[in-house]
Amino acid sequence: MFYTLTANPAVDMTVMCSPLIPNENVRSHSAGYTANGKGLDVSFALKKFGVDSVALGFFAGFTGKYVVEETMNTGCLCRPVWIDGVTRINSYFNDGENEYGILNPGPELTPQGEQELYKILDTTGDLECLVVSGSLPRKASKDFLDQVVAHSQARGADVVLDLSSDKLKDLCATHPLLIKPNHHEMREIFGVQIDTDDDARRALALAHEAGVQNVLLTMGSRGSAYFSNGEDIWYAKRDFNIKLVSSVCAGDCTLAAFLLKWYHDRDNVEEALKLAMATGANVAESVGLGDFGHVDEYSRRVTVRKL
């Protein structure tokens, strides 16, 4: 069973509006509200593909209750750890030309909350793979992620990391099954600006030297991605353009789609990359996850080759 951990979930408010003008009120065309968080997005996407998972996370206040209820309403299983405070609300604005994001801090995490999560990891009977995604709550212990990985690996579970924090480089030494950085995160962590295939080769080699088993490197709006298992490298690119509505959730759904095809069949890299790229593109064309209505069509329009 896949488990996902969203340590700092959110309610996302996505607003379509006229161009923003300083010191003036701008009326929106529409606003959407979704339960969100990178790990939750992975669970939601897996459910859309018909695969169950268990969503873990820290939740607080009326917004935390909303996120948990919405998670359950999608048909996803959820084992919340309740903490004090209020789960954050993030705001995204699209004025037809640009997208703006305002990310708020979440509630403070306590040692008691951390211990409750560790207990879940220690006692759950079907933990096969844990996907750890997103930011951390305020006051999280310095070794919180180390402990999450250690408790999971002690159960024999695989660990997948999708983190933008500096902590990702340290966690590479724990030999996670897979990491999913984007090109900006890869530059920040390993110091390589990725403009060419040779740049990608150097960055991927550094990740493997640090201890990572597999890397899914996404290139954002370039519409491409690399995958490396330490021996071979694949390059995938979509042969179509999209109209960006919101990039929120797109990377998380890319990861979910890749795991769906690859996790239980490690030789199925090409089909996994095609589905991943198609899913990410489809999600970027909608608010939230959308309906995945173009995934099959888009999958046929993704080219994959070995470098």
# chains A, B, ... in the order shown; residues from 1 in each chain; ligands from 1
>>> residues_around(residues="stretch 42-55 of chain A", least_positions_apart="4", cutoff="7 Å", atoms="only C-alpha atoms", output="PyMOL selection string")
chain A and resi 1-5+38+76-79+252-253+256
>>> residues_around(residues="A:Asn241", least_positions_apart="6", cutoff="10 Å", atoms="only C-alpha atoms", output="ChimeraX atom specification")
/A:221-223,281
>>> closest_residue(among="A:Asp41, A:Asp84, A:Glu70, A:Asp95", to="A:Leu20", atoms="only C-alpha atoms")
A:Asp95
>>> residues_around(residues="A:Gly191", least_positions_apart="4", cutoff="10 Å", atoms="only C-alpha atoms", output="number ranges by chain")
A: 184-187, 203, 206
>>> closest_residue(among="A:Asn182, A:Ser135, A:Thr196, A:Ser28", to="A:Ala250", atoms="only C-alpha atoms")
A:Asn182
>>> residues_around(residues="A:Leu177", least_positions_apart="4", cutoff="7 Å", atoms="only C-alpha atoms", output="list in words")
Asp158, Val159, Val160, Val212, Gln213 and Asn214 of chain A
>>> write_last_selection(atoms="N, CA and C atoms", output="tab-separated table (two decimals), in the first residue's frame")
chain	number	residue	atom	x	y	z
A	158	ASP	N	9.79	1.23	1.26
A	158	ASP	CA	10.51	2.15	0.39
A	158	ASP	C	10.11	3.58	0.74
A	159	VAL	N	11.04	4.51	0.49
A	159	VAL	CA	10.76	5.92	0.75
A	159	VAL	C	10.99	6.72	-0.53
A	160	VAL	N	10.00	7.54	-0.88
A	160	VAL	CA	10.08	8.45	-2.02
A	160	VAL	C	10.02	9.87	-1.47
A	212	VAL	N	21.16	8.34	-3.69
A	212	VAL	CA	19.81	8.13	-4.22
A	212	VAL	C	19.81	6.95	-5.20
A	213	GLN	N	18.77	6.12	-5.11
A	213	GLN	CA	18.67	4.97	-6.02
A	213	GLN	C	18.15	5.39	-7.39
A	214	ASN	N	17.10	6.21	-7.43
A	214	ASN	CA	16.46	6.62	-8.69
A	214	ASN	C	16.08	8.09	-8.59
>>> closest_residue(among="A:Val67, A:Leu255, A:Val304, A:Leu244", to="A:Glu271", atoms="only C-alpha atoms")
A:Val304
>>> residues_around(residues="stretch 146-156 of chain A", least_positions_apart="5", cutoff="10 Å", atoms="only C-alpha atoms", output="list of chain:residue names")
A:Leu5, A:Glu114, A:Gln115, A:Leu117, A:Tyr118, A:Lys119, A:Ile120, A:Leu121, A:Asp122, A:Thr123, A:Thr124, A:Gly125, A:Asp126, A:Leu127, A:Glu128, A:Cys129, A:Leu130, A:Val132, A:Ser141, A:Leu161, A:Lys167, A:Asp170, A:Leu171, A:Thr174, A:His175, A:Pro176
>>> select_by_dssp(residues="stretch 110-300 of chain A", states="strand (DSSP E or B)", output="PyMOL selection string")
chain A and resi 129-133+138+158-162+178-179+182+214-218+224-228+233-238
>>> write_last_selection(atoms="C-alpha atoms", output="mmCIF file, in the first residue's frame")
data_model
loop_
_atom_site.group_PDB
_atom_site.id
_atom_site.type_symbol
_atom_site.label_atom_id
_atom_site.label_comp_id
_atom_site.auth_asym_id
_atom_site.auth_seq_id
_atom_site.Cartn_x
_atom_site.Cartn_y
_atom_site.Cartn_z
ATOM 1 C CA CYS A 129 5.995 2.719 0.175
ATOM 2 C CA LEU A 130 5.916 6.129 1.882
ATOM 3 C CA VAL A 131 5.850 9.261 -0.288
ATOM 4 C CA VAL A 132 7.073 12.264 1.724
ATOM 5 C CA SER A 133 6.252 15.573 0.044
ATOM 6 C CA ARG A 138 6.867 25.501 12.133
ATOM 7 C CA ASP A 158 10.515 2.153 0.391
ATOM 8 C CA VAL A 159 10.763 5.923 0.749
ATOM 9 C CA VAL A 160 10.080 8.450 -2.022
ATOM 10 C CA LEU A 161 11.048 12.086 -1.385
ATOM 11 C CA ASP A 162 9.649 15.199 -3.057
ATOM 12 C CA LEU A 178 13.280 7.802 -5.565
ATOM 13 C CA ILE A 179 13.567 11.564 -5.373
ATOM 14 C CA ASN A 182 12.554 19.941 -10.427
ATOM 15 C CA ASN A 214 16.463 6.621 -8.689
ATOM 16 C CA VAL A 215 15.785 10.192 -9.792
ATOM 17 C CA LEU A 216 12.796 11.681 -11.603
ATOM 18 C CA LEU A 217 13.924 15.167 -12.642
ATOM 19 C CA THR A 218 11.147 17.401 -13.959
ATOM 20 C CA SER A 224 10.233 17.610 -20.289
ATOM 21 C CA ALA A 225 11.734 15.286 -17.693
ATOM 22 C CA TYR A 226 14.646 12.940 -17.085
ATOM 23 C CA PHE A 227 14.672 9.631 -15.234
ATOM 24 C CA SER A 228 17.806 7.865 -14.060
ATOM 25 C CA ILE A 233 18.976 7.803 -18.346
ATOM 26 C CA TRP A 234 15.691 8.416 -20.169
ATOM 27 C CA TYR A 235 14.517 11.762 -21.538
ATOM 28 C CA ALA A 236 10.816 12.516 -22.059
ATOM 29 C CA LYS A 237 9.257 15.528 -23.762
ATOM 30 C CA ARG A 238 5.663 16.357 -24.596
#
